[in-house]
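Here's the structure we're looking at; comments come further down.
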Amino acid sequence: MHKVKIGNIEFGGGKLVLLAGPCVLEGYERSLKIGRRTKEIADKLGIPYIFKASFDKANRSSIKSFRGPGLEEGLKILAAIKSELNVPIVTDIHETYQAARVAEVADILQIPAFLCRQTDLLVAAAKTGKVVNVKKGQFLSPYEMKNIVIKLEESGTNKILLTERGTCFGYNNLVVDFRGLVTMRGFGYPVIFDGTHSVQLPGGAGTSSSGQREFIPYLTRAAAAVGIDGLFLEVHDNPDEALSDGANMVKLDNLEDLLKNVLAVSC
């Protein structure tokens with residue numbers, strides 16, 4: 001397996017890496033508060049930590065939904081959090097022009113699931129030289145992720161991470177096929193499990209997505225038992241107040257116990 005390094009953090013080296021934070025930036029102070037508490041928990045448990053948050057949620061169900069502070073203000077907030085917490089940053093890009101600009105701040109460029117087959121976006125991300133994390137589309141089989149790996153490799157990078165986040169199962173529902181973790185790892189790159197989007201009910205609330213956060217501990221333990229290199233979680237101090245994806249977020253008060261249980265079964 002290719003080991004993917006960011007400073008002293010290594011994916012694929014046998015140690016679980018945590019990518020966690022709010023779904024979308026909710027201002028500097030609250031986002032920093034969430035990141036600081038998450039880092040304290042990760043440090044206590046000896047888990048390498050990468051802060052996650054989006055500057056723009058471009059695929060919200062409703063045009064009226066909160067999307068975030070936008071590119072310029074969002075990058076300022078992410079840069080400040082990166083400096084304050086001294087941790088790497090992962091954030092989404094949605095358009096090719098964003099890749100180079102976001103790479104000035106982020107250590108990992110994340111390709112959203114809905115955009116995982118967008119060739120130009122993958123090429124632009126690869127050419128920045130930064131690590132590229134691709135969320136597997138809800139509409140894809142794990143086997144089809146090999147085509148995405150080839151696109152990135154032929155665009156000049158082997159700094160590749162692949163993330164499982166559930167597969168469409170009828171309307172407004174997702175299911176996780178844990179065989180996919182093994183399949184994607186077989187492509188030679190580290191695999192991450194997204195424990196929060198995997199319990200999402202896409203569009204399940206009509207003008208927004210819903211979720212079943214009560215199942216997060218079970219799915220994350222199952223994924224860890226199968227074998228993963230990283231765990232992606234959206235976390236919030238009060239998920240019911242979150243401006244995006246609150247229904248499938250982990251409450252900060254529950255994070256430490258969740259991670260302890262994951263570590264206990266990790267392969």
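In the structure tokens, chains take the letters A, B, ... in the order shown, each chain's residues start at 1, and ligands count up from 1 in the order shown.
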
| Contacts of range 97-112 of chain A within 7 Å, only C-alpha atoms, excl. fewer than 5 positions in-chain, as a PyMOL selection string | chain A and resi 75+79+88-92+124-125+128+130-135

Could you turn the residues from that selection into a file that holds N, CA and C atoms, as a compact mmCIF listing (two decimals), in the first residue's frame?
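And here is the file that came out, selection28.txt:
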# COMPACT_ATOMS: atom_id res chain seq x y z
N LEU A 75 -11.43 30.43 3.69
CA LEU A 75 -10.00 30.11 3.74
C LEU A 75 -9.28 30.89 4.84
N ALA A 79 -7.33 28.95 7.71
CA ALA A 79 -5.92 29.25 7.96
C ALA A 79 -5.69 29.61 9.42
N PRO A 88 -3.20 19.81 10.49
CA PRO A 88 -3.52 19.92 9.06
C PRO A 88 -5.01 20.17 8.86
N ILE A 89 -5.34 20.56 7.64
CA ILE A 89 -6.72 20.93 7.28
C ILE A 89 -7.17 20.10 6.07
N VAL A 90 -8.42 19.64 6.11
CA VAL A 90 -9.06 19.05 4.94
C VAL A 90 -10.35 19.80 4.66
N THR A 91 -10.58 20.15 3.40
CA THR A 91 -11.81 20.84 3.02
C THR A 91 -12.17 20.48 1.59
N ASP A 92 -13.46 20.65 1.26
CA ASP A 92 -13.96 20.28 -0.07
C ASP A 92 -13.65 21.35 -1.11
N ALA A 124 -7.40 18.83 -11.68
CA ALA A 124 -6.99 20.09 -11.03
C ALA A 124 -6.49 19.84 -9.62
N ALA A 125 -7.17 18.97 -8.88
CA ALA A 125 -6.74 18.65 -7.52
C ALA A 125 -5.40 17.95 -7.53
N THR A 128 -2.18 20.12 -7.97
CA THR A 128 -1.73 20.99 -6.88
C THR A 128 -0.58 20.36 -6.09
N LYS A 130 -1.08 18.44 -3.61
CA LYS A 130 -1.60 18.14 -2.28
C LYS A 130 -2.26 16.75 -2.27
N VAL A 131 -2.47 16.22 -1.08
CA VAL A 131 -3.20 14.97 -0.94
C VAL A 131 -4.64 15.18 -1.42
N VAL A 132 -5.16 14.19 -2.13
CA VAL A 132 -6.53 14.25 -2.64
C VAL A 132 -7.34 13.13 -2.01
N ASN A 133 -8.41 13.49 -1.31
CA ASN A 133 -9.31 12.51 -0.71
C ASN A 133 -10.60 12.50 -1.52
N VAL A 134 -10.94 11.35 -2.09
CA VAL A 134 -12.13 11.24 -2.93
C VAL A 134 -13.20 10.47 -2.17
N LYS A 135 -14.34 11.11 -1.97
CA LYS A 135 -15.49 10.42 -1.39
C LYS A 135 -16.14 9.56 -2.49

| query | Any idea what's packed within 10 Å of Gly203 in chain A, counting only C-alpha atoms, ignoring anything in its chain fewer than 5 positions away? Could you give it as a ChimeraX atom specification? | reply | /A:60-62,171-173,208-211

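Using only C-alpha atoms, the protein and nucleic acid residues lying no more than 8 Å from range 174-176 of chain A, apart from those fewer than 6 places from it along its own chain, are Gln138, Arg165, Gly166, Thr167, Cys168, Ser198, Val199, Gln200, Leu201 and Pro202 of chain A.
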
Export N, CA and C atoms of the chosen residues as a tab-separated table (two decimals), in the first residue's frame?
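As a result, part.tsv now contains:
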chain	number	residue	atom	x	y	z
A	138	GLN	N	-22.34	8.00	-3.91
A	138	GLN	CA	-23.42	7.14	-3.44
A	138	GLN	C	-23.95	6.23	-4.55
A	165	ARG	N	-18.70	6.26	2.06
A	165	ARG	CA	-19.70	7.08	2.76
A	165	ARG	C	-21.12	6.59	2.51
A	166	GLY	N	-21.24	5.29	2.16
A	166	GLY	CA	-22.56	4.72	1.97
A	166	GLY	C	-23.00	4.74	0.52
A	167	THR	N	-23.94	3.84	0.19
A	167	THR	CA	-24.43	3.68	-1.17
A	167	THR	C	-25.95	3.80	-1.17
A	168	CYS	N	-26.50	4.42	-2.22
A	168	CYS	CA	-27.95	4.59	-2.32
A	168	CYS	C	-28.67	3.25	-2.21
A	198	SER	N	-22.55	8.20	6.30
A	198	SER	CA	-23.07	6.86	6.03
A	198	SER	C	-24.41	6.61	6.70
A	199	VAL	N	-24.77	7.44	7.68
A	199	VAL	CA	-26.09	7.30	8.32
A	199	VAL	C	-27.03	8.42	7.89
A	200	GLN	N	-26.65	9.15	6.87
A	200	GLN	CA	-27.49	10.22	6.35
A	200	GLN	C	-28.69	9.63	5.62
A	201	LEU	N	-29.80	10.37	5.65
A	201	LEU	CA	-30.97	10.05	4.84
A	201	LEU	C	-31.10	11.18	3.83
A	202	PRO	N	-30.47	11.04	2.65
A	202	PRO	CA	-30.38	12.17	1.71
A	202	PRO	C	-31.76	12.68	1.30

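Taking CA of Phe11 in chain A as the reference point, CA of Leu161 in chain A is found at 8.4 Å.
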
| remark: Of A:Lys82, A:His94, A:Lys76, A:His197, the one nearest to Asn59 in chain A when counting only C-alpha atoms is A:His94

| request: Run DSSP on the backbone and give me the residues of range 159-246 of chain A it puts in strand (DSSP E or B), as a ChimeraX atom specification. | output: /A:160-164,167-168,174-175,191-194,200-201,210-211,230-236

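With distances restricted to only C-alpha atoms, A:Leu233 is the closest residue to Asn254 in chain A from A:Leu233, A:Asn8, A:Cys267, A:Thr163.
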
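Remark: for Gly227 in chain A, the closest of the candidate residues A:Phe66, A:Phe187, A:Phe193, A:Phe215 is A:Phe193 (distances computed over only C-alpha atoms).
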
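Rounded to one decimal, CA of Leu162 in chain A and CA of Ala242 in chain A lie 26.3 Å from each other.
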